[in-house]
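Next comes upload_24.pdb, a file with PDB, C-alpha atoms.
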```pdb
ATOM      1  CA  MET A 255     -23.516 105.953-204.471
ATOM      2  CA  GLY A 256     -25.602 105.828-201.298
ATOM      3  CA  SER A 257     -23.955 104.351-198.244
ATOM      4  CA  THR A 258     -25.729 102.581-195.383
ATOM      5  CA  VAL A 259     -25.195 105.758-193.341
ATOM      6  CA  ASP A 260     -27.065 107.773-195.966
ATOM      7  CA  ALA A 261     -29.864 105.225-195.907
ATOM      8  CA  ALA A 262     -30.031 105.375-192.113
ATOM      9  CA  ASN A 263     -30.316 109.155-192.196
ATOM     10  CA  LYS A 264     -33.152 109.177-194.707
ATOM     11  CA  GLY A 265     -36.534 110.204-193.367
ATOM     12  CA  VAL A 266     -39.760 108.300-193.997
ATOM     13  CA  ASN A 267     -40.368 110.299-197.166
ATOM     14  CA  GLY A 268     -36.939 109.402-198.533
ATOM     15  CA  THR A 269     -35.305 112.788-197.993
ATOM     16  CA  ALA A 270     -32.321 113.122-195.697
ATOM     17  CA  SER A 271     -33.619 114.080-192.264
ATOM     18  CA  ALA A 272     -31.778 115.696-189.393
ATOM     19  CA  LYS A 273     -29.625 113.259-187.472
ATOM     20  CA  LYS A 274     -31.379 112.010-184.367
ATOM     21  CA  PRO A 275     -29.840 113.208-181.120
ATOM     22  CA  THR A 276     -28.024 110.858-178.773
ATOM     23  CA  VAL A 277     -30.096 110.345-175.645
ATOM     24  CA  ILE A 278     -28.987 108.702-172.401
ATOM     25  CA  PHE A 279     -31.535 108.072-169.658
ATOM     26  CA  VAL A 280     -30.140 108.627-166.158
ATOM     27  CA  LEU A 281     -31.953 106.699-163.423
ATOM     28  CA  GLY A 282     -31.314 106.225-159.727
ATOM     29  CA  GLY A 283     -33.230 106.477-156.483
ATOM     30  CA  PRO A 284     -33.495 109.670-154.422
ATOM     31  CA  GLY A 285     -30.057 110.438-152.988
ATOM     32  CA  SER A 286     -28.183 108.176-155.424
ATOM     33  CA  GLY A 287     -26.026 111.162-156.461
ATOM     34  CA  LYS A 288     -27.075 111.158-160.107
ATOM     35  CA  GLY A 289     -27.441 114.969-160.227
ATOM     36  CA  THR A 290     -23.821 115.470-159.171
ATOM     37  CA  GLN A 291     -22.581 112.905-161.691
ATOM     38  CA  CYS A 292     -24.670 114.479-164.471
ATOM     39  CA  ALA A 293     -22.884 117.802-163.816
ATOM     40  CA  TYR A 294     -19.525 115.999-164.206
ATOM     41  CA  ILE A 295     -20.616 114.316-167.457
ATOM     42  CA  VAL A 296     -21.740 117.675-168.871
ATOM     43  CA  GLU A 297     -18.384 119.230-167.947
ATOM     44  CA  HIS A 298     -16.209 116.390-169.281
ATOM     45  CA  TYR A 299     -18.165 115.030-172.240
ATOM     46  CA  GLY A 300     -20.202 117.949-173.560
ATOM     47  CA  TYR A 301     -23.687 116.550-172.973
ATOM     48  CA  THR A 302     -26.700 118.744-172.197
ATOM     49  CA  HIS A 303     -28.437 117.821-168.934
ATOM     50  CA  LEU A 304     -32.238 117.791-169.032
ATOM     51  CA  SER A 305     -34.170 117.127-165.842
ATOM     52  CA  ALA A 306     -37.834 116.260-166.354
ATOM     53  CA  GLY A 307     -38.649 117.714-162.910
ATOM     54  CA  ASP A 308     -36.826 120.990-163.640
ATOM     55  CA  LEU A 309     -38.637 121.365-166.979
ATOM     56  CA  LEU A 310     -42.015 120.848-165.298
ATOM     57  CA  ARG A 311     -41.132 123.375-162.568
ATOM     58  CA  ALA A 312     -39.956 125.911-165.169
ATOM     59  CA  GLU A 313     -43.189 125.475-167.135
ATOM     60  CA  ILE A 314     -45.226 126.102-163.966
ATOM     61  CA  LYS A 315     -43.151 129.206-163.207
ATOM     62  CA  SER A 316     -43.706 130.557-166.730
ATOM     63  CA  GLY A 317     -47.402 130.970-165.905
ATOM     64  CA  SER A 318     -48.444 129.432-169.233
ATOM     65  CA  GLU A 319     -51.761 127.627-169.665
ATOM     66  CA  ASN A 320     -49.819 124.376-169.766
ATOM     67  CA  GLY A 321     -47.965 125.368-166.574
ATOM     68  CA  THR A 322     -51.204 126.079-164.725
ATOM     69  CA  MET A 323     -52.587 122.697-165.782
ATOM     70  CA  ILE A 324     -49.423 120.956-164.522
ATOM     71  CA  GLN A 325     -49.555 122.865-161.224
ATOM     72  CA  ASN A 326     -53.190 121.904-160.638
ATOM     73  CA  MET A 327     -52.466 118.236-161.332
ATOM     74  CA  ILE A 328     -49.554 118.217-158.866
ATOM     75  CA  LYS A 329     -51.691 119.999-156.247
ATOM     76  CA  GLU A 330     -54.388 117.354-156.627
ATOM     77  CA  GLY A 331     -51.782 114.610-156.231
ATOM     78  CA  LYS A 332     -52.256 113.434-159.811
ATOM     79  CA  ILE A 333     -49.441 112.206-162.023
ATOM     80  CA  VAL A 334     -48.630 114.548-164.907
ATOM     81  CA  PRO A 335     -49.426 112.683-168.167
ATOM     82  CA  SER A 336     -46.406 111.271-170.010
ATOM     83  CA  GLU A 337     -47.215 113.284-173.127
ATOM     84  CA  VAL A 338     -46.902 116.579-171.229
ATOM     85  CA  THR A 339     -43.436 115.751-169.875
ATOM     86  CA  ILE A 340     -42.311 114.287-173.206
ATOM     87  CA  LYS A 341     -43.416 117.393-175.141
ATOM     88  CA  LEU A 342     -41.342 119.534-172.748
ATOM     89  CA  LEU A 343     -38.319 117.250-173.203
ATOM     90  CA  GLN A 344     -38.798 117.199-176.977
ATOM     91  CA  LYS A 345     -39.032 121.006-177.107
ATOM     92  CA  ALA A 346     -35.874 121.352-174.975
ATOM     93  CA  ILE A 347     -33.997 118.945-177.283
ATOM     94  CA  GLN A 348     -35.158 120.721-180.452
ATOM     95  CA  GLU A 349     -34.368 124.209-179.146
ATOM     96  CA  ASN A 350     -30.894 123.247-177.953
ATOM     97  CA  GLY A 351     -28.006 123.344-180.411
ATOM     98  CA  ASN A 352     -26.439 120.213-178.924
ATOM     99  CA  ASP A 353     -27.018 116.668-180.187
ATOM    100  CA  LYS A 354     -26.131 114.776-176.959
ATOM    101  CA  PHE A 355     -28.512 114.726-174.007
ATOM    102  CA  LEU A 356     -28.693 113.253-170.537
ATOM    103  CA  ILE A 357     -32.335 112.871-169.518
ATOM    104  CA  ASP A 358     -32.389 112.745-165.747
ATOM    105  CA  GLY A 359     -35.147 111.120-163.687
ATOM    106  CA  PHE A 360     -37.118 109.965-166.717
ATOM    107  CA  PRO A 361     -38.722 107.612-167.708
ATOM    108  CA  ARG A 362     -40.206 107.110-164.246
ATOM    109  CA  ASN A 363     -42.261 104.121-165.301
ATOM    110  CA  GLU A 364     -42.910 101.735-168.156
ATOM    111  CA  GLU A 365     -45.696 103.911-169.573
ATOM    112  CA  ASN A 366     -43.316 106.931-169.698
ATOM    113  CA  ARG A 367     -40.766 104.813-171.521
ATOM    114  CA  ALA A 368     -43.140 103.476-174.186
ATOM    115  CA  ALA A 369     -44.656 106.936-174.749
ATOM    116  CA  PHE A 370     -41.224 108.598-175.091
ATOM    117  CA  GLU A 371     -40.071 106.189-177.798
ATOM    118  CA  LYS A 372     -43.426 106.436-179.607
ATOM    119  CA  VAL A 373     -43.680 110.251-179.535
ATOM    120  CA  THR A 374     -40.022 111.145-180.198
ATOM    121  CA  GLU A 375     -39.026 108.024-182.194
ATOM    122  CA  ILE A 376     -35.783 108.158-180.209
ATOM    123  CA  GLU A 377     -34.435 105.108-178.436
ATOM    124  CA  PRO A 378     -31.810 105.816-175.776
ATOM    125  CA  LYS A 379     -28.231 104.862-176.529
ATOM    126  CA  PHE A 380     -28.108 103.373-173.039
ATOM    127  CA  VAL A 381     -29.434 103.812-169.516
ATOM    128  CA  LEU A 382     -27.052 104.982-166.809
ATOM    129  CA  PHE A 383     -28.353 103.426-163.606
ATOM    130  CA  PHE A 384     -26.951 104.658-160.295
ATOM    131  CA  ASP A 385     -27.450 101.673-158.033
ATOM    132  CA  CYS A 386     -27.281 102.662-154.386
ATOM    133  CA  PRO A 387     -28.477 100.786-151.249
ATOM    134  CA  GLU A 388     -31.491 102.287-149.491
ATOM    135  CA  GLU A 389     -29.574 102.819-146.204
ATOM    136  CA  GLU A 390     -26.913 104.893-147.994
ATOM    137  CA  MET A 391     -29.515 107.010-149.793
ATOM    138  CA  GLU A 392     -31.340 107.608-146.506
ATOM    139  CA  ARG A 393     -28.099 108.664-144.842
ATOM    140  CA  ARG A 394     -27.303 111.108-147.637
ATOM    141  CA  LEU A 395     -30.785 112.618-147.833
ATOM    142  CA  LEU A 396     -31.063 113.107-144.081
ATOM    143  CA  GLY A 397     -27.590 114.605-144.020
ATOM    144  CA  ARG A 398     -28.034 117.160-146.784
ATOM    145  CA  ASN A 399     -29.178 120.643-145.858
ATOM    146  CA  GLN A 400     -31.072 121.652-148.935
ATOM    147  CA  GLY A 401     -34.104 122.465-146.845
ATOM    148  CA  ARG A 402     -36.311 120.121-148.834
ATOM    149  CA  GLU A 403     -39.440 119.318-146.903
ATOM    150  CA  ASP A 404     -39.614 115.896-148.527
ATOM    151  CA  ASP A 405     -36.332 114.864-146.917
ATOM    152  CA  ASN A 406     -37.769 113.272-143.779
ATOM    153  CA  ILE A 407     -37.432 109.544-143.105
ATOM    154  CA  GLU A 408     -41.043 108.555-143.868
ATOM    155  CA  THR A 409     -41.161 110.465-147.135
ATOM    156  CA  ILE A 410     -37.727 109.201-148.150
ATOM    157  CA  ARG A 411     -38.827 105.597-147.662
ATOM    158  CA  LYS A 412     -42.007 106.256-149.619
ATOM    159  CA  ARG A 413     -40.037 107.850-152.475
ATOM    160  CA  PHE A 414     -37.635 104.931-152.516
ATOM    161  CA  LYS A 415     -40.497 102.426-152.643
ATOM    162  CA  VAL A 416     -42.136 104.320-155.523
ATOM    163  CA  PHE A 417     -38.794 104.412-157.359
ATOM    164  CA  LEU A 418     -38.354 100.652-156.995
ATOM    165  CA  GLU A 419     -41.879  99.782-158.036
ATOM    166  CA  SER A 420     -42.097 102.113-161.018
ATOM    167  CA  SER A 421     -38.538 102.426-162.349
ATOM    168  CA  LEU A 422     -37.287  98.857-161.987
ATOM    169  CA  PRO A 423     -39.480  97.554-164.850
ATOM    170  CA  VAL A 424     -37.901 100.244-167.078
ATOM    171  CA  ILE A 425     -34.399  99.142-166.051
ATOM    172  CA  GLN A 426     -35.315  95.483-166.631
ATOM    173  CA  TYR A 427     -36.698  96.310-170.089
ATOM    174  CA  TYR A 428     -33.438  97.958-171.169
ATOM    175  CA  GLU A 429     -31.346  95.316-169.401
ATOM    176  CA  ALA A 430     -32.932  92.706-171.661
ATOM    177  CA  LYS A 431     -31.696  94.806-174.616
ATOM    178  CA  GLY A 432     -28.181  95.040-173.169
ATOM    179  CA  LYS A 433     -28.544  98.801-172.728
ATOM    180  CA  VAL A 434     -28.068  99.260-168.966
ATOM    181  CA  ARG A 435     -24.772 100.574-167.585
ATOM    182  CA  LYS A 436     -24.933  99.991-163.846
ATOM    183  CA  ILE A 437     -22.859 102.260-161.613
ATOM    184  CA  HIS A 438     -22.173 101.333-157.981
ATOM    185  CA  ALA A 439     -23.190 104.640-156.456
ATOM    186  CA  ALA A 440     -22.551 104.022-152.730
ATOM    187  CA  LYS A 441     -18.884 105.009-153.090
ATOM    188  CA  PRO A 442     -17.410 108.529-152.689
ATOM    189  CA  ILE A 443     -18.225 110.968-155.529
ATOM    190  CA  GLU A 444     -14.788 110.761-157.196
ATOM    191  CA  ASP A 445     -14.791 106.946-157.170
ATOM    192  CA  VAL A 446     -18.279 106.889-158.670
ATOM    193  CA  PHE A 447     -17.128 109.248-161.423
ATOM    194  CA  GLN A 448     -14.236 106.907-162.259
ATOM    195  CA  GLU A 449     -16.856 104.251-163.026
ATOM    196  CA  VAL A 450     -18.884 106.741-165.054
ATOM    197  CA  LYS A 451     -15.761 107.727-166.998
ATOM    198  CA  ALA A 452     -15.164 104.088-167.907
ATOM    199  CA  VAL A 453     -18.618 104.073-169.543
ATOM    200  CA  PHE A 454     -18.170 107.375-171.433
ATOM    201  CA  THR A 455     -14.480 107.408-172.373
ATOM    202  CA  PRO A 456     -14.651 104.724-175.084
ATOM    203  CA  GLU A 457     -17.504 106.768-176.621
ATOM    204  CA  ALA A 458     -15.394 109.935-176.658
ATOM    205  CA  GLU A 459     -12.429 108.106-178.184
ATOM    206  CA  LYS A 460     -14.586 106.612-180.946
ATOM    207  CA  VAL A 461     -15.805 110.087-181.910
ATOM    208  CA  GLU A 462     -12.276 111.493-182.044
ATOM    209  CA  ALA A 463     -10.803 108.523-183.907
TER     210      ALA A 463
END
```
Let's see the structure in the file written out as structure tokens.
Amino acid sequence: MGSTVDAANKGVNGTASAKKPTVIFVLGGPGSGKGTQCAYIVEHYGYTHLSAGDLLRAEIKSGSENGTMIQNMIKEGKIVPSEVTIKLLQKAIQENGNDKFLIDGFPRNEENRAAFEKVTEIEPKFVLFFDCPEEEMERRLLGRNQGREDDNIETIRKRFKVFLESSLPVIQYYEAKGKVRKIHAAKPIEDVFQEVKAVFTPEAEKVEA
């Protein structure tokens, strides 16, 4: 007798298809501390962390035809098409043995979001949004010594403005669906992680129950 779970796992052609992975989008402005928190989530909850930016950089480094195309677009100040980034994310998900993923810094805009759901047919479980005031992000970015050339005040403000203009519509879209988990990210790292834990712990308990 087929259960509703069986029905949900059936592919379009009626055969049981592989279970779709759990995807969580991680968004936050530059300096919101999302990278640090992602590392904690990976360690405590067994997710795989995928950064769209890292995947693009790795593709460029590989010297592939695709990588050269991406590099040229970035050099010319063009935005890499959504499909290119999504294919890299999709490949990383398929090649990884895990079924739980944090996708960091993506979707950057509404077009990214729509394309991701269309291409992968995956809707995120929720969006983890690290909400941090601009002044705090500026302070953190100017104070960190990672030697990034884009960490000067003008560029930081520009990056923040771009984040607000492009990513807020994505957050609003998922907010309307009740899928945004907002984290107050201006606090010290440990305090922020306590808030993150409150979002993830019920999930972990449900799996173990």
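Distances from A:Val373, A:Ile278, A:Met391, A:Ile357 to Tyr428 (chain A) were compared using all atoms listed in the file, and the smallest one belongs to A:Ile278.
Proximity of A:Thr374, A:Thr455, A:Thr409, A:Gln426 to Lys274 (chain A), computed with all atoms listed in the file, is greatest for A:Thr374.
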**Asked** To one decimal place, how far is CA of Glu389 (chain A) from CA of Lys288 (chain A) in Å?
**Response**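 Between CA of Glu389 (chain A) and CA of Lys288 (chain A) the gap works out to 16.4 Å.
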**Prompt:** Separation of CA of Ile340 (chain A) and CA of Ala439 (chain A), in Å?
**Reply:** 27.2 Å
**Request:** Write out as a PyMOL selection string each polymer residue whose atoms come within 12 Å of region 320-330 of chain A, counting all atoms listed in the file; drop sequence neighbours fewer than 6 positions from it.
**Result:** chain A and resi 307+309-314+336-339+341-342
Output of the above residues as an mmCIF file, in the frame of the given file, restricted to C-alpha atoms:
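Wrote it out as out-v2.cif, contents follow:
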```
data_model
loop_
_atom_site.group_PDB
_atom_site.id
_atom_site.type_symbol
_atom_site.label_atom_id
_atom_site.label_comp_id
_atom_site.auth_asym_id
_atom_site.auth_seq_id
_atom_site.Cartn_x
_atom_site.Cartn_y
_atom_site.Cartn_z
ATOM 1 C CA GLY A 307 -38.649 117.714 -162.910
ATOM 2 C CA LEU A 309 -38.637 121.365 -166.979
ATOM 3 C CA LEU A 310 -42.015 120.848 -165.298
ATOM 4 C CA ARG A 311 -41.132 123.375 -162.568
ATOM 5 C CA ALA A 312 -39.956 125.911 -165.169
ATOM 6 C CA GLU A 313 -43.189 125.475 -167.135
ATOM 7 C CA ILE A 314 -45.226 126.102 -163.966
ATOM 8 C CA SER A 336 -46.406 111.271 -170.010
ATOM 9 C CA GLU A 337 -47.215 113.284 -173.127
ATOM 10 C CA VAL A 338 -46.902 116.579 -171.229
ATOM 11 C CA THR A 339 -43.436 115.751 -169.875
ATOM 12 C CA LYS A 341 -43.416 117.393 -175.141
ATOM 13 C CA LEU A 342 -41.342 119.534 -172.748
#
```
**Request:** In Å, rounded to a single decimal, give me how far CA of Leu356 (chain A) is from CA of Pro387 (chain A).
**Result:**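 Distance between the two atoms: 23.0 Å.
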**Message:** I'd like the contact shell of Phe447 (chain A) - 9 Å cut-off, only C-alpha atoms, skipping same-chain residues fewer than 5 positions apart - returned as a count of residues only.
**Reply:** 5
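Closest approach to Glu419 (chain A) from the set A:Pro378, A:Gly283, A:Gly432, A:Gly300 is made by A:Gly283, with distances taken over only C-alpha atoms.
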**Request:** Could you tell me which residues the PyMOL selection byres ((chain A and resi 347) around 12) returns for this structure, as a PyMOL selection string?
**Result:** chain A and resi 274-277+301-306+309+340-346+348-357+374+376
**Prompt:** Quick one: which residues end up in the PyMOL selection byres ((chain A and resi 451) around 12) for this structure, as an MDAnalysis selection string?
**Reply:** chainID A and resid 291:292 294:299 382 435 437 444:450 452:459
